[in-house]
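Chemist: entry-v1.txt is reproduced in full below (compact mmCIF, C-alpha atoms and all ligand atoms).
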```txt
# COMPACT_ATOMS: atom_id res chain seq x y z
CA MET Q 1 0.00 0.00 0.00
CA CYS Q 2 2.70 2.35 1.12
CA SER Q 3 4.85 1.67 -1.94
CA VAL Q 4 1.92 2.33 -4.24
CA VAL Q 5 1.45 5.81 -2.72
CA VAL Q 6 5.16 6.50 -3.09
CA ASP Q 7 4.97 5.36 -6.70
CA GLU Q 8 2.09 7.71 -7.37
CA VAL Q 9 3.88 10.63 -5.75
CA ASP Q 10 6.94 9.75 -7.79
CA THR Q 11 4.94 9.70 -11.02
CA LEU Q 12 3.36 13.01 -10.10
CA ARG Q 13 6.78 14.51 -9.43
CA LYS Q 14 8.09 13.20 -12.68
CA THR Q 15 5.11 14.62 -14.52
CA THR Q 16 5.47 18.06 -12.93
CA ARG Q 17 9.16 17.98 -13.66
CA THR Q 18 8.58 17.04 -17.30
CA VAL Q 19 5.94 19.69 -17.74
CA VAL Q 20 8.17 22.38 -16.21
CA MET Q 21 11.07 21.23 -18.38
CA SER Q 22 9.10 21.33 -21.57
CA ALA Q 23 7.60 24.71 -20.62
CA ARG Q 24 11.11 26.11 -20.29
CA GLN Q 25 12.33 24.49 -23.48
CA GLU Q 26 9.36 25.70 -25.48
CA ASN Q 27 9.60 29.24 -24.24
CA PRO Q 28 13.01 30.45 -23.11
CA CYS Q 29 11.48 33.88 -22.56
CA ALA Q 30 8.88 32.75 -20.02
CA THR Q 31 9.44 34.02 -16.47
CA LEU Q 32 9.35 31.65 -13.50
CA GLN Q 33 5.99 33.17 -12.63
CA GLN Q 34 4.59 32.43 -16.07
CA ILE Q 35 5.76 28.81 -15.90
CA SER Q 36 4.40 28.51 -12.38
CA ASP Q 37 1.02 29.80 -13.52
CA GLU Q 38 1.04 27.45 -16.48
CA VAL Q 39 2.06 24.31 -14.63
CA GLY Q 40 0.25 25.05 -11.37
CA VAL Q 41 3.15 24.75 -8.93
CA THR Q 42 4.84 27.50 -6.96
CA ARG Q 43 7.44 29.75 -8.47
CA GLU Q 44 10.00 28.43 -6.00
CA ARG Q 45 9.22 24.86 -7.07
CA VAL Q 46 9.71 25.81 -10.74
CA ARG Q 47 13.08 27.33 -9.86
CA GLN Q 48 14.11 24.15 -7.97
CA ILE Q 49 13.12 21.85 -10.81
CA LEU Q 50 14.90 23.93 -13.42
CA ARG Q 51 18.03 24.08 -11.28
CA ASP Q 52 17.90 20.30 -10.69
CA VAL Q 53 17.68 19.46 -14.37
CA GLY Q 54 20.20 22.09 -15.36
CA LEU Q 55 17.87 24.34 -17.33
CA PRO Q 56 18.14 28.12 -17.01
CA THR Q 57 16.05 29.59 -14.21
CA ALA Q 58 16.39 33.08 -15.61
CA HIS Q 59 14.26 33.86 -18.62
CA LEU Q 60 15.82 35.21 -21.75
CA VAL Q 61 15.09 38.85 -22.33
CA ARG Q 62 14.16 39.56 -25.89
CA ARG Q 63 16.38 42.24 -27.31
CA TYR Q 64 15.14 44.57 -29.94
CA VAL Q 65 17.44 46.57 -32.12
CA CYS Q 66 16.76 49.77 -33.97
CA LEU Q 67 15.74 48.88 -37.53
CA SER Q 68 17.61 51.90 -38.78
CA CYS Q 69 21.00 51.95 -37.03
CA GLY Q 70 21.12 48.60 -35.19
CA THR Q 71 21.49 50.03 -31.68
CA VAL Q 72 20.12 47.70 -28.99
CA LEU Q 73 16.96 49.25 -27.59
CA PRO Q 74 16.17 49.30 -23.88
CA LEU Q 75 12.42 48.98 -24.39
CA ARG Q 76 10.62 46.12 -26.02
CA CYS Q 77 7.98 47.87 -27.97
CA ARG Q 78 9.98 50.39 -29.95
CA LYS Q 79 11.45 49.87 -33.37
CA PHE Q 80 13.75 52.87 -33.49
CA CYS Q 81 16.05 54.74 -31.09
CA ASN Q 82 14.53 58.08 -31.94
CA ARG Q 83 12.60 60.07 -34.49
CA GLN Q 84 15.68 60.65 -36.59
CA CYS Q 85 16.27 56.90 -36.97
CA GLN Q 86 12.63 56.35 -37.77
CA HIS Q 87 12.77 59.12 -40.34
CA ASN Q 88 15.92 57.69 -41.96
CA TYR Q 89 14.27 54.31 -42.18
CA THR Q 90 10.98 55.45 -43.63
CA HIS Q 91 12.35 58.02 -46.07
CA ILE Q 92 14.61 57.76 -49.02
CA LYS Q 93 16.56 60.49 -50.76
CA VAL Q 94 16.13 60.68 -54.50
CA ALA Q 95 18.21 62.99 -56.66
CA CYS Q 96 16.42 65.47 -58.88
CA ASP Q 97 16.95 64.49 -62.50
CA TYR Q 98 17.41 68.10 -63.48
CA CYS Q 99 19.54 69.76 -60.80
CA GLY Q 100 20.69 66.81 -58.70
CA THR Q 101 19.24 68.18 -55.46
CA LEU Q 102 18.26 65.40 -53.10
CA ARG Q 103 14.63 65.31 -52.17
CA GLU Q 104 13.17 63.01 -49.56
CA TYR Q 105 10.35 60.69 -50.40
CA ARG Q 106 8.47 58.43 -48.07
CA VAL Q 107 9.45 54.85 -48.88
CA LYS Q 108 5.80 53.82 -48.53
CA GLU Q 109 4.78 56.34 -51.13
CA LEU Q 110 7.33 55.00 -53.62
CA ILE Q 111 6.32 51.40 -52.95
CA ASN Q 112 2.69 52.40 -53.46
CA HIS Q 113 3.56 53.86 -56.83
CA ILE Q 114 5.39 50.72 -57.88
CA GLU Q 115 2.57 48.48 -56.72
CA LYS Q 116 0.02 50.52 -58.61
CA GLY Q 117 2.24 50.44 -61.67
CA GLN Q 118 2.78 54.19 -61.41
CA LYS Q 119 6.49 53.93 -60.88
CA GLN Q 120 8.09 57.13 -61.96
CA GLU Q 121 11.04 56.93 -64.29
CA HIS Q 122 12.25 60.33 -63.21
CA TYR Q 123 12.14 62.39 -60.07
CA TRP Q 124 12.44 66.13 -59.71
CA CYS Q 125 12.91 68.29 -56.65
CA SER Q 126 10.34 70.81 -57.81
CA LYS Q 127 7.78 71.57 -60.48
CA ARG Q 128 10.23 74.03 -61.94
CA CYS Q 129 12.92 71.40 -62.40
CA GLN Q 130 10.33 69.01 -63.79
CA GLY Q 131 9.26 71.60 -66.33
CA LYS Q 132 12.81 72.43 -67.36
CA TRP Q 133 13.78 68.80 -67.60
CA LEU Q 134 10.73 67.91 -69.68
CA ALA Q 135 11.34 70.89 -71.96
CA GLU Q 136 14.95 69.93 -72.53
CA ASN Q 137 14.39 66.24 -72.97
CA HIS Q 138 11.07 66.11 -74.75
CA GLY Q 139 10.15 69.66 -75.54
CA PHE Q 140 12.19 70.15 -78.70
CA SER Q 141 10.34 67.65 -80.81
CA VAL Q 142 6.97 68.90 -79.57
CA TYR Q 143 7.76 72.60 -79.80
CA PRO Q 144 10.59 72.99 -82.29
CA GLU Q 145 10.26 76.82 -82.22
CA HIS Q 146 11.20 76.86 -78.57
CA ALA Q 147 14.29 74.84 -79.30
CA LEU Q 148 15.42 77.36 -81.84
CA MET Q 149 14.70 80.28 -79.53
CA ARG Q 150 16.78 78.71 -76.81
CA TRP Q 151 19.99 78.92 -78.84
CA LYS Q 152 19.64 82.57 -79.78
ZN ZN Q 201 18.69 53.98 -34.37
ZN ZN Q 202 15.85 70.04 -59.17
```
Let me see whether you can do it: turn the structure in this file into structure tokens.
Ligand SMILES: [Zn+2]
Ligand SMILES: [Zn+2]

Modeler:
Amino acid sequence: MCSVVVDEVDTLRKTTRTVVMSARQENPCATLQQISDEVGVTRERVRQILRDVGLPTAHLVRRYVCLSCGTVLPLRCRKFCNRQCQHNYTHIKVACDYCGTLREYRVKELINHIEKGQKQEHYWCSKRCQGKWLAENHGFSVYPEHALMRWK
């Protein structure tokens, strides 16, 4: 009778141990408290079991790095160190086809254009540059008089 009870307790222990072990292996980021809640034993018991079987008692802290510059971030929820990094990541500088001045475009905007098949072949920093560029590159054949005037 006595040995049966011991056996049962043993089985129960083994089961708890196995469950705690697999909880840790499945989620290295789970805290002792989270495992304890999941398995239904005390936090201290979880710590003991993990120590006994040689699994880490401390949970891994997820590290997030800035998507723009790669700096490790102290907080979990942010993607960028600061506004400047966010700006750099979400904007792209495109050179004006006429004067070469860099103008910033939102990456999303450009992707939108490409997806809608409205990808621009040329970019200009201003309407003025666009006009001048179009006149110089296409204007002559359309308005030959203007081309002649230009060389006077
Ligand atoms: Zn950054
Ligand atoms: Zn320009």

Chemist: Write out as a ChimeraX atom specification each polymer residue (protein, DNA or RNA) that has an atom no more than 8 Å from ligand ZN 201 (chain Q), with all atoms listed in the file counted.

Modeler: /Q:65-71,80-82,84-86

Chemist: Could you list the protein, DNA and RNA residues that have any atom within 9 Å of ligand ZN 202 (chain Q), counting only C-alpha atoms and all ligand atoms, and write them as a VMD selection string?

Modeler: chain Q and resid 95 to 103 123 to 130 133

Chemist: Could you save the residues just selected, with C-alpha atoms, as an mmCIF file, keeping the file's coordinate frame?

Modeler:
```cif
data_model
loop_
_atom_site.group_PDB
_atom_site.id
_atom_site.type_symbol
_atom_site.label_atom_id
_atom_site.label_comp_id
_atom_site.auth_asym_id
_atom_site.auth_seq_id
_atom_site.Cartn_x
_atom_site.Cartn_y
_atom_site.Cartn_z
ATOM 1 C CA ALA Q 95 18.210 62.990 -56.660
ATOM 2 C CA CYS Q 96 16.420 65.470 -58.880
ATOM 3 C CA ASP Q 97 16.950 64.490 -62.500
ATOM 4 C CA TYR Q 98 17.410 68.100 -63.480
ATOM 5 C CA CYS Q 99 19.540 69.760 -60.800
ATOM 6 C CA GLY Q 100 20.690 66.810 -58.700
ATOM 7 C CA THR Q 101 19.240 68.180 -55.460
ATOM 8 C CA LEU Q 102 18.260 65.400 -53.100
ATOM 9 C CA ARG Q 103 14.630 65.310 -52.170
ATOM 10 C CA TYR Q 123 12.140 62.390 -60.070
ATOM 11 C CA TRP Q 124 12.440 66.130 -59.710
ATOM 12 C CA CYS Q 125 12.910 68.290 -56.650
ATOM 13 C CA SER Q 126 10.340 70.810 -57.810
ATOM 14 C CA LYS Q 127 7.780 71.570 -60.480
ATOM 15 C CA ARG Q 128 10.230 74.030 -61.940
ATOM 16 C CA CYS Q 129 12.920 71.400 -62.400
ATOM 17 C CA GLN Q 130 10.330 69.010 -63.790
ATOM 18 C CA TRP Q 133 13.780 68.800 -67.600
#
```

Chemist: Atom CA of Q:Pro28 and atom CA of Q:Ala58, how far apart in Å?

Modeler: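 Rounded to one decimal, the two atoms are 8.6 Å apart.
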
Chemist: Considering all atoms listed in the file, can you say which of Q:His113, Q:Lys93, Q:His122, Q:His59 comes closest to Q:Cys29?

Modeler: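 Smallest separation from Q:Cys29 among the options: Q:His59.
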
Chemist: Set up a box along x, y and z of the file covering all listed atoms of stretch 89-97 of chain Q, add 3 Å on every one of the six sides, and write the centre and edge lengths in Å to one decimal, as AutoDock Vina command-line options.

Modeler:
```
--center_x 14.6 --center_y 59.9 --center_z -52.3 --size_x 13.2 --size_y 17.2 --size_z 26.3
```

Chemist: Give me the residues within 12 Å of Q:Lys119 as a PDB file with C-alpha atoms, in the frame of the given file, counting all atoms listed in the file and dropping any in the same chain fewer than 5 places off.

Modeler:
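So the final result, stored in out.pdb, reads:
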```pdb
ATOM      1  CA  GLU Q 109       4.780  56.340 -51.130  1.00  0.00           C
ATOM      2  CA  LEU Q 110       7.330  55.000 -53.620  1.00  0.00           C
ATOM      3  CA  ILE Q 111       6.320  51.400 -52.950  1.00  0.00           C
ATOM      4  CA  ASN Q 112       2.690  52.400 -53.460  1.00  0.00           C
ATOM      5  CA  HIS Q 113       3.560  53.860 -56.830  1.00  0.00           C
ATOM      6  CA  ILE Q 114       5.390  50.720 -57.880  1.00  0.00           C
TER       7      ILE Q 114
END
```

Chemist: If I only have part of stretch 57-70 of chain Q, can you fill in N, CA and C atoms and write it as a compact mmCIF listing (two decimals), in the coordinates of the input?

Modeler:
```
# COMPACT_ATOMS: atom_id res chain seq x y z
N THR Q 57 17.17 29.11 -15.03
CA THR Q 57 16.05 29.59 -14.21
C THR Q 57 15.69 31.01 -14.61
N ALA Q 58 16.67 31.71 -15.17
CA ALA Q 58 16.39 33.08 -15.61
C ALA Q 58 15.85 33.03 -17.03
N HIS Q 59 14.82 33.83 -17.27
CA HIS Q 59 14.26 33.86 -18.62
C HIS Q 59 15.13 34.73 -19.52
N LEU Q 60 15.11 34.40 -20.76
CA LEU Q 60 15.82 35.21 -21.75
C LEU Q 60 15.05 36.49 -21.96
N VAL Q 61 15.76 37.59 -22.02
CA VAL Q 61 15.09 38.85 -22.33
C VAL Q 61 15.23 39.08 -23.82
N ARG Q 62 14.12 39.26 -24.45
CA ARG Q 62 14.16 39.56 -25.89
C ARG Q 62 14.80 40.91 -26.10
N ARG Q 63 15.73 40.97 -27.02
CA ARG Q 63 16.38 42.24 -27.31
C ARG Q 63 15.89 42.73 -28.64
N TYR Q 64 15.55 43.99 -28.67
CA TYR Q 64 15.14 44.57 -29.94
C TYR Q 64 16.17 45.58 -30.38
N VAL Q 65 16.48 45.59 -31.63
CA VAL Q 65 17.44 46.57 -32.12
C VAL Q 65 16.73 47.55 -33.05
N CYS Q 66 17.29 48.73 -33.10
CA CYS Q 66 16.76 49.77 -33.97
C CYS Q 66 16.85 49.28 -35.42
N LEU Q 67 15.76 49.35 -36.14
CA LEU Q 67 15.74 48.88 -37.53
C LEU Q 67 16.62 49.75 -38.42
N SER Q 68 16.86 50.97 -37.96
CA SER Q 68 17.61 51.90 -38.78
C SER Q 68 19.12 51.80 -38.54
N CYS Q 69 19.55 51.88 -37.28
CA CYS Q 69 21.00 51.95 -37.03
C CYS Q 69 21.53 50.72 -36.30
N GLY Q 70 20.66 49.83 -35.82
CA GLY Q 70 21.12 48.60 -35.19
C GLY Q 70 21.46 48.70 -33.72
```
